[in-house]
Amino acid sequence: MESPGRLIADPARRRHARARAAQFVRGAWFARKVQRSDGRLKVGRGVRVSRPYPDTRVELGSGVRLHEDVRLFLDAPGALIAIGADTYLNRRTEIMAKRSVQIGSRCAVSWDVRILDTDYHALDGRPSVDPVRIGDHVWIGSGATVLKGVTIGDGAVVAAGSLVVNDVPAKTLVAGVPARVVRGDVEWD
Ligand SMILES: CC(C)(COP(=O)(O)OP(=O)(O)OC[C@H]1O[C@@H](n2cnc3c(N)ncnc32)[C@H](O)[C@@H]1OP(=O)(O)O)[C@@H](O)C(=O)NCCC(=O)NCCS
C-alpha cells in the first residue's frame, strides 16, 4: 500500500487532493450562508444562492455536494430549498423555488438539470406555484427538467433530457418529453 507521503509526491494525486480540500473549504464558507447545514458540505466554484426575499431557507443535509456553477434561486418570501444527506447536484444545475423544492437523501442530480416549483407567470388564471418533492435515492439524468407540483418516488430514475410534468412512482424509469413510464421495479447505483 502506498504511504501518504508517496500519494502527495504524485502530482496528479496532489492536484486532486488540493481540489478536494478546496471543495471542503468552500463548503465550510458556504455553510455559513445557508440556514441549515449538517456538515461535510462540498462546494465547487461558482455556486450561488439568490435570496432576495425574507424568510427564505436553504437546508442542506450532511455530505451534500454542489458542483461547479450550481444555482439556487429562492424567488418568493418563505421559499424553501432542502437537499438531503449525501445528495449531489452536478454542474450548472439550477433549482428555482417560490414555495418549496425538497430533494431526499442519496440522490444523483446530473448536470444541466432544472427543477422549478413555479411557472413564474400565471396561465389562464391557474395557480402557478406548486411544491416539488423528490424522494430518496432518485437519479435525474442530464438536461432533465422537473416542473411544478411533481412528486418523484424513492429510487426512481429520470432519463436524460426528460421533461417531467407528472408524478413518478417509486422505482420507476421515466423518459421523454413529456416523460412517460418506460419500466418499473428499477434498481440503480
Ligand atoms: C436512464 C437511462 C440510463 C436508461 O438507459 P437504458 O436502460 O439503457 O434504456 P433503454 O435504452 O433500454 O431504453 C428504454 C426505452 O426508453 C427510451 N429512452 C431511453 N432513454 C431515453 C431518453 N433519455 N429520452 C427518451 N427516451 C429514452 C428508449 O428509446 C427505449 O424506448 P423503446 O423501448 O420504445 O425503444 C438512459 O436513458 C439515460 O438517460 N442515460 C443518461 C444518464 C445521465 O444523464 N447520466 C449522467 C450522470 S449522473
# chains A, B, ... in the order shown; residues from 1 in each chain; ligands from 1

call {"tool": "closest_atom_pairs", "arguments": {"of": "chain A", "to": "ligand 1", "cutoff": "6 Å", "atoms": "only C-alpha atoms and all ligand atoms", "output": "Markdown table"}}
result
| residue | atom | partner | partner_atom_place_in_ligand_line | distance |
| --- | --- | --- | --- | --- |
| A:Ala108 | CA | ligand 1 | 48 (S) | 5.8 |
| A:Ser110 | CA | ligand 1 | 48 (S) | 4.1 |
| A:Gly141 | CA | ligand 1 | 44 (O) | 3.4 |
| A:Ser142 | CA | ligand 1 | 44 (O) | 3.7 |
| A:Ala159 | CA | ligand 1 | 39 (O) | 3.3 |
| A:Ala160 | CA | ligand 1 | 39 (O) | 3.7 |
| A:Gly161 | CA | ligand 1 | 23 (N) | 5.4 |
| A:Ser162 | CA | ligand 1 | 24 (N) | 5.9 |
| A:Ala175 | CA | ligand 1 | 25 (C) | 4.5 |
| A:Gly176 | CA | ligand 1 | 25 (C) | 3.8 |
| A:Val182 | CA | ligand 1 | 16 (O) | 5.5 |

call {"tool": "select_by_dssp", "arguments": {"residues": "segment 30-98 of chain A", "states": "strand (DSSP E)", "output": "ChimeraX atom specification"}}
result
/A:36-37,42-43,48-50,57-60,65-66,71-74,80-83,88-89,94-97

call {"tool": "write_last_selection", "arguments": {"atoms": "N, CA and C atoms", "output": "mmCIF file, in the first residue's frame"}}
result
data_model
loop_
_atom_site.group_PDB
_atom_site.id
_atom_site.type_symbol
_atom_site.label_atom_id
_atom_site.label_comp_id
_atom_site.auth_asym_id
_atom_site.auth_seq_id
_atom_site.Cartn_x
_atom_site.Cartn_y
_atom_site.Cartn_z
ATOM 1 N N ARG A 36 -29.396 26.027 7.152
ATOM 2 C CA ARG A 36 -29.032 24.818 7.890
ATOM 3 C C ARG A 36 -28.066 24.004 7.068
ATOM 4 N N SER A 37 -26.997 23.569 7.661
ATOM 5 C CA SER A 37 -26.088 22.641 7.003
ATOM 6 C C SER A 37 -25.620 21.651 8.058
ATOM 7 N N LYS A 42 -19.578 19.858 0.373
ATOM 8 C CA LYS A 42 -18.556 20.102 -0.652
ATOM 9 C C LYS A 42 -19.145 21.030 -1.712
ATOM 10 N N VAL A 43 -18.445 22.078 -2.016
ATOM 11 C CA VAL A 43 -18.987 23.094 -2.930
ATOM 12 C C VAL A 43 -17.944 23.458 -3.980
ATOM 13 N N ARG A 48 -23.908 29.566 -6.463
ATOM 14 C CA ARG A 48 -24.532 30.805 -5.980
ATOM 15 C C ARG A 48 -25.925 30.515 -5.423
ATOM 16 N N VAL A 49 -26.302 31.285 -4.400
ATOM 17 C CA VAL A 49 -27.668 31.257 -3.872
ATOM 18 C C VAL A 49 -28.237 32.654 -4.006
ATOM 19 N N SER A 50 -29.438 32.756 -4.579
ATOM 20 C CA SER A 50 -30.108 34.054 -4.693
ATOM 21 C C SER A 50 -31.289 34.054 -3.728
ATOM 22 N N ARG A 57 -35.279 29.860 3.030
ATOM 23 C CA ARG A 57 -34.372 28.915 3.694
ATOM 24 C C ARG A 57 -33.724 27.973 2.692
ATOM 25 N N VAL A 58 -32.436 27.718 2.919
ATOM 26 C CA VAL A 58 -31.731 26.630 2.233
ATOM 27 C C VAL A 58 -31.274 25.675 3.323
ATOM 28 N N GLU A 59 -31.689 24.407 3.215
ATOM 29 C CA GLU A 59 -31.323 23.419 4.235
ATOM 30 C C GLU A 59 -30.578 22.280 3.549
ATOM 31 N N LEU A 60 -29.385 21.992 4.019
ATOM 32 C CA LEU A 60 -28.528 21.002 3.372
ATOM 33 C C LEU A 60 -28.142 19.911 4.370
ATOM 34 N N ARG A 65 -23.183 17.598 -1.929
ATOM 35 C CA ARG A 65 -22.167 18.134 -2.843
ATOM 36 C C ARG A 65 -22.842 19.007 -3.902
ATOM 37 N N LEU A 66 -22.378 20.227 -4.003
ATOM 38 C CA LEU A 66 -22.875 21.157 -5.024
ATOM 39 C C LEU A 66 -21.710 21.443 -5.957
ATOM 40 N N ARG A 71 -26.844 26.685 -9.148
ATOM 41 C CA ARG A 71 -27.528 27.907 -8.729
ATOM 42 C C ARG A 71 -28.819 27.556 -7.997
ATOM 43 N N LEU A 72 -29.042 28.186 -6.868
ATOM 44 C CA LEU A 72 -30.283 28.014 -6.110
ATOM 45 C C LEU A 72 -30.976 29.367 -6.037
ATOM 46 N N PHE A 73 -32.220 29.425 -6.512
ATOM 47 C CA PHE A 73 -32.968 30.687 -6.525
ATOM 48 C C PHE A 73 -34.183 30.552 -5.612
ATOM 49 N N LEU A 74 -34.278 31.428 -4.615
ATOM 50 C CA LEU A 74 -35.450 31.445 -3.732
ATOM 51 C C LEU A 74 -36.200 32.715 -4.071
ATOM 52 N N LEU A 80 -38.447 27.631 0.248
ATOM 53 C CA LEU A 80 -37.535 26.650 0.858
ATOM 54 C C LEU A 80 -36.899 25.785 -0.220
ATOM 55 N N ILE A 81 -35.603 25.587 -0.129
ATOM 56 C CA ILE A 81 -34.918 24.544 -0.898
ATOM 57 C C ILE A 81 -34.216 23.659 0.122
ATOM 58 N N ALA A 82 -34.586 22.368 0.135
ATOM 59 C CA ALA A 82 -33.996 21.427 1.093
ATOM 60 C C ALA A 82 -33.396 20.258 0.321
ATOM 61 N N ILE A 83 -32.167 19.918 0.659
ATOM 62 C CA ILE A 83 -31.451 18.838 -0.037
ATOM 63 C C ILE A 83 -30.937 17.861 1.014
ATOM 64 N N TYR A 88 -26.031 14.806 -4.440
ATOM 65 C CA TYR A 88 -25.247 15.816 -5.160
ATOM 66 C C TYR A 88 -26.035 16.431 -6.304
ATOM 67 N N LEU A 89 -25.721 17.700 -6.569
ATOM 68 C CA LEU A 89 -26.223 18.402 -7.751
ATOM 69 C C LEU A 89 -25.005 18.650 -8.629
ATOM 70 N N GLU A 94 -29.793 23.996 -11.828
ATOM 71 C CA GLU A 94 -30.455 25.138 -11.200
ATOM 72 C C GLU A 94 -31.757 24.692 -10.540
ATOM 73 N N ILE A 95 -31.995 25.222 -9.351
ATOM 74 C CA ILE A 95 -33.270 24.986 -8.666
ATOM 75 C C ILE A 95 -33.925 26.338 -8.424
ATOM 76 N N MET A 96 -35.194 26.455 -8.831
ATOM 77 C CA MET A 96 -35.938 27.692 -8.650
ATOM 78 C C MET A 96 -37.151 27.387 -7.764
ATOM 79 N N ALA A 97 -37.243 28.064 -6.623
ATOM 80 C CA ALA A 97 -38.347 27.802 -5.698
ATOM 81 C C ALA A 97 -39.060 29.093 -5.326
#

call {"tool": "atom_distance", "arguments": {"atom1": "atom CA of Cys107 of chain A", "atom2": "atom CA of Arg45 of chain A"}}
result
20.9 Å

call {"tool": "closest_residue", "arguments": {"among": "A:Lys98, A:Ser128, A:Ala76, A:Val70", "to": "Arg114 of chain A", "atoms": "only C-alpha atoms"}}
result
A:Val70

call {"tool": "residues_around", "arguments": {"residues": "Asp154 of chain A", "least_positions_apart": "4", "cutoff": "7 Å", "atoms": "only C-alpha atoms", "output": "list in words"}}
result
Gly135, Asp136, His137, Val138, Ala170 and Lys171 of chain A

call {"tool": "write_last_selection", "arguments": {"atoms": "N, CA and C atoms", "output": "PDB file, in the first residue's frame"}}
result
ATOM      1  N   GLY A 135     -37.963  12.106  -3.823  1.00  0.00           N
ATOM      2  CA  GLY A 135     -37.713  11.163  -2.725  1.00  0.00           C
ATOM      3  C   GLY A 135     -36.240  10.871  -2.519  1.00  0.00           C
ATOM      4  N   ASP A 136     -35.971   9.767  -1.825  1.00  0.00           N
ATOM      5  CA  ASP A 136     -34.594   9.341  -1.570  1.00  0.00           C
ATOM      6  C   ASP A 136     -34.090   8.491  -2.738  1.00  0.00           C
ATOM      7  N   HIS A 137     -32.776   8.541  -2.953  1.00  0.00           N
ATOM      8  CA  HIS A 137     -32.101   7.694  -3.938  1.00  0.00           C
ATOM      9  C   HIS A 137     -32.754   7.791  -5.327  1.00  0.00           C
ATOM     10  N   VAL A 138     -32.978   9.025  -5.742  1.00  0.00           N
ATOM     11  CA  VAL A 138     -33.518   9.279  -7.088  1.00  0.00           C
ATOM     12  C   VAL A 138     -32.375   9.737  -7.980  1.00  0.00           C
ATOM     13  N   ALA A 170     -42.387   5.404  -7.268  1.00  0.00           N
ATOM     14  CA  ALA A 170     -41.116   4.894  -6.755  1.00  0.00           C
ATOM     15  C   ALA A 170     -40.559   3.816  -7.688  1.00  0.00           C
ATOM     16  N   LYS A 171     -39.236   3.765  -7.799  1.00  0.00           N
ATOM     17  CA  LYS A 171     -38.509   2.725  -8.550  1.00  0.00           C
ATOM     18  C   LYS A 171     -38.992   2.570  -9.992  1.00  0.00           C
TER      19      LYS A 171
END

call {"tool": "closest_residue", "arguments": {"among": "A:Ile103, A:Leu123, A:Ala179, A:Ile115", "to": "Gly153 of chain A", "atoms": "only C-alpha atoms"}}
result
A:Ile103

call {"tool": "closest_residue", "arguments": {"among": "A:Asp69, A:Asp130, A:Asp117, A:Asp112", "to": "Ala144 of chain A", "atoms": "only C-alpha atoms"}}
result
A:Asp112

call {"tool": "select_by_dssp", "arguments": {"residues": "chain A", "states": "alpha helix (DSSP H)", "output": "ChimeraX atom specification"}}
result
/A:4-9,11-31

call {"tool": "residues_around", "arguments": {"residues": "Val129 of chain A", "least_positions_apart": "3", "cutoff": "8 Å", "atoms": "only C-alpha atoms", "output": "PyMOL selection string"}}
result
chain A and resi 98-99+117-120+148-149

call {"tool": "write_last_selection", "arguments": {"atoms": "N, CA and C atoms", "output": "PDB file, in the first residue's frame"}}
result
ATOM      1  N   LYS A  98     -40.393  29.040  -5.444  1.00  0.00           N
ATOM      2  CA  LYS A  98     -41.195  30.122  -4.851  1.00  0.00           C
ATOM      3  C   LYS A  98     -41.877  29.614  -3.588  1.00  0.00           C
ATOM      4  N   ARG A  99     -42.098  28.295  -3.490  1.00  0.00           N
ATOM      5  CA  ARG A  99     -42.630  27.741  -2.231  1.00  0.00           C
ATOM      6  C   ARG A  99     -41.657  26.696  -1.692  1.00  0.00           C
ATOM      7  N   ASP A 117     -40.546  24.978  -8.997  1.00  0.00           N
ATOM      8  CA  ASP A 117     -41.888  24.783  -8.428  1.00  0.00           C
ATOM      9  C   ASP A 117     -42.841  25.889  -8.852  1.00  0.00           C
ATOM     10  N   THR A 118     -42.467  26.637  -9.869  1.00  0.00           N
ATOM     11  CA  THR A 118     -43.286  27.772 -10.309  1.00  0.00           C
ATOM     12  C   THR A 118     -43.152  27.963 -11.814  1.00  0.00           C
ATOM     13  N   ASP A 119     -44.252  28.451 -12.412  1.00  0.00           N
ATOM     14  CA  ASP A 119     -44.182  28.799 -13.838  1.00  0.00           C
ATOM     15  C   ASP A 119     -43.690  30.240 -14.026  1.00  0.00           C
ATOM     16  N   TYR A 120     -43.642  30.986 -12.935  1.00  0.00           N
ATOM     17  CA  TYR A 120     -43.255  32.415 -12.939  1.00  0.00           C
ATOM     18  C   TYR A 120     -44.322  33.316 -13.553  1.00  0.00           C
ATOM     19  N   LYS A 148     -43.387  22.216 -11.785  1.00  0.00           N
ATOM     20  CA  LYS A 148     -44.119  22.415 -10.528  1.00  0.00           C
ATOM     21  C   LYS A 148     -45.090  21.265 -10.240  1.00  0.00           C
ATOM     22  N   GLY A 149     -45.253  21.007  -8.940  1.00  0.00           N
ATOM     23  CA  GLY A 149     -46.260  20.059  -8.491  1.00  0.00           C
ATOM     24  C   GLY A 149     -45.876  18.604  -8.614  1.00  0.00           C
TER      25      GLY A 149
END

call {"tool": "atom_distance", "arguments": {"atom1": "atom CA of Arg40 of chain A", "atom2": "atom CA of Val64 of chain A"}}
result
7.1 Å

call {"tool": "atom_distance", "arguments": {"atom1": "atom CA of Val164 of chain A", "atom2": "atom CA of Val101 of chain A"}}
result
14.3 Å

call {"tool": "decode", "arguments": {"residues": "segment 69-183 of chain A", "atoms": "C-alpha atoms", "output": "CSV table (one decimal), in the first residue's frame"}}
result
chain,number,residue,atom,x,y,z
A,69,ASP,CA,-21.9,26.7,-11.1
A,70,VAL,CA,-24.9,25.2,-9.4
A,71,ARG,CA,-27.5,27.9,-8.7
A,72,LEU,CA,-30.3,28.0,-6.1
A,73,PHE,CA,-33.0,30.7,-6.5
A,74,LEU,CA,-35.5,31.4,-3.7
A,75,ASP,CA,-37.8,33.7,-5.6
A,76,ALA,CA,-40.6,34.5,-3.1
A,77,PRO,CA,-40.9,35.2,0.6
A,78,GLY,CA,-40.8,32.0,2.7
A,79,ALA,CA,-39.4,29.8,-0.1
A,80,LEU,CA,-37.5,26.7,0.9
A,81,ILE,CA,-34.9,24.5,-0.9
A,82,ALA,CA,-34.0,21.4,1.1
A,83,ILE,CA,-31.5,18.8,0.0
A,84,GLY,CA,-31.0,15.6,1.9
A,85,ALA,CA,-27.8,13.9,3.1
A,86,ASP,CA,-25.3,12.6,0.5
A,87,THR,CA,-27.2,14.0,-2.4
A,88,TYR,CA,-25.2,15.8,-5.2
A,89,LEU,CA,-26.2,18.4,-7.8
A,90,ASN,CA,-23.9,18.3,-10.7
A,91,ARG,CA,-22.5,21.1,-12.8
A,92,ARG,CA,-24.8,24.0,-13.9
A,93,THR,CA,-27.9,22.5,-12.3
A,94,GLU,CA,-30.5,25.1,-11.2
A,95,ILE,CA,-33.3,25.0,-8.7
A,96,MET,CA,-35.9,27.7,-8.7
A,97,ALA,CA,-38.3,27.8,-5.7
A,98,LYS,CA,-41.2,30.1,-4.9
A,99,ARG,CA,-42.6,27.7,-2.2
A,100,SER,CA,-40.6,24.6,-1.8
A,101,VAL,CA,-38.3,22.2,-3.6
A,102,GLN,CA,-37.3,19.2,-1.4
A,103,ILE,CA,-34.9,16.6,-2.5
A,104,GLY,CA,-34.3,13.5,-0.5
A,105,SER,CA,-31.0,11.8,0.5
A,106,ARG,CA,-28.5,9.9,-1.7
A,107,CYS,CA,-29.9,11.4,-4.9
A,108,ALA,CA,-27.8,11.9,-8.0
A,109,VAL,CA,-28.9,15.1,-9.9
A,110,SER,CA,-26.9,15.3,-13.0
A,111,TRP,CA,-25.6,18.3,-14.9
A,112,ASP,CA,-27.8,21.0,-16.6
A,113,VAL,CA,-30.9,19.8,-14.7
A,114,ARG,CA,-33.7,22.4,-13.9
A,115,ILE,CA,-36.1,21.9,-11.1
A,116,LEU,CA,-38.8,24.6,-10.6
A,117,ASP,CA,-41.9,24.8,-8.4
A,118,THR,CA,-43.3,27.8,-10.3
A,119,ASP,CA,-44.2,28.8,-13.8
A,120,TYR,CA,-43.3,32.4,-12.9
A,121,HIS,CA,-46.3,33.5,-15.0
A,122,ALA,CA,-50.0,32.7,-14.5
A,123,LEU,CA,-51.6,31.0,-17.4
A,124,ASP,CA,-55.4,31.3,-17.7
A,125,GLY,CA,-55.6,32.3,-14.0
A,126,ARG,CA,-54.5,28.9,-12.8
A,127,PRO,CA,-52.1,28.7,-9.7
A,128,SER,CA,-48.6,28.9,-11.0
A,129,VAL,CA,-46.8,27.7,-7.8
A,130,ASP,CA,-46.8,24.1,-6.5
A,131,PRO,CA,-44.2,22.4,-4.4
A,132,VAL,CA,-41.8,19.8,-5.9
A,133,ARG,CA,-40.9,16.7,-3.8
A,134,ILE,CA,-38.2,14.3,-4.8
A,135,GLY,CA,-37.7,11.2,-2.7
A,136,ASP,CA,-34.6,9.3,-1.6
A,137,HIS,CA,-32.1,7.7,-3.9
A,138,VAL,CA,-33.5,9.3,-7.1
A,139,TRP,CA,-31.3,9.6,-10.2
A,140,ILE,CA,-32.1,12.6,-12.5
A,141,GLY,CA,-30.3,12.4,-15.8
A,142,SER,CA,-28.5,15.2,-17.5
A,143,GLY,CA,-30.5,18.0,-19.0
A,144,ALA,CA,-33.8,16.9,-17.5
A,145,THR,CA,-36.4,19.4,-16.3
A,146,VAL,CA,-38.8,18.8,-13.4
A,147,LEU,CA,-41.8,21.2,-13.3
A,148,LYS,CA,-44.1,22.4,-10.5
A,149,GLY,CA,-46.3,20.1,-8.5
A,150,VAL,CA,-44.3,16.9,-9.3
A,151,THR,CA,-43.5,14.2,-6.8
A,152,ILE,CA,-40.9,11.7,-7.6
A,153,GLY,CA,-40.9,8.5,-5.6
A,154,ASP,CA,-37.9,6.8,-3.9
A,155,GLY,CA,-35.5,5.0,-6.2
A,156,ALA,CA,-36.9,6.4,-9.4
A,157,VAL,CA,-34.8,7.3,-12.5
A,158,VAL,CA,-35.5,10.2,-14.9
A,159,ALA,CA,-33.7,9.7,-18.2
A,160,ALA,CA,-31.5,12.3,-19.7
A,161,GLY,CA,-33.4,15.2,-21.4
A,162,SER,CA,-36.8,14.3,-19.9
A,163,LEU,CA,-39.5,16.9,-19.1
A,164,VAL,CA,-41.3,15.7,-16.0
A,165,VAL,CA,-44.8,17.1,-15.6
A,166,ASN,CA,-46.5,14.3,-13.8
A,167,ASP,CA,-45.7,12.3,-10.6
A,168,VAL,CA,-43.2,9.5,-11.0
A,169,PRO,CA,-43.9,6.3,-8.9
A,170,ALA,CA,-41.1,4.9,-6.8
A,171,LYS,CA,-38.5,2.7,-8.6
A,172,THR,CA,-39.8,3.7,-12.0
A,173,LEU,CA,-37.8,4.8,-15.0
A,174,VAL,CA,-39.4,7.7,-17.0
A,175,ALA,CA,-38.1,9.2,-20.2
A,176,GLY,CA,-39.1,11.6,-22.9
A,177,VAL,CA,-40.9,14.9,-23.5
A,178,PRO,CA,-43.2,14.8,-21.7
A,179,ALA,CA,-41.8,12.0,-19.5
A,180,ARG,CA,-43.6,8.7,-19.7
A,181,VAL,CA,-43.1,5.5,-17.8
A,182,VAL,CA,-40.6,3.2,-19.5
A,183,ARG,CA,-40.5,0.4,-16.9
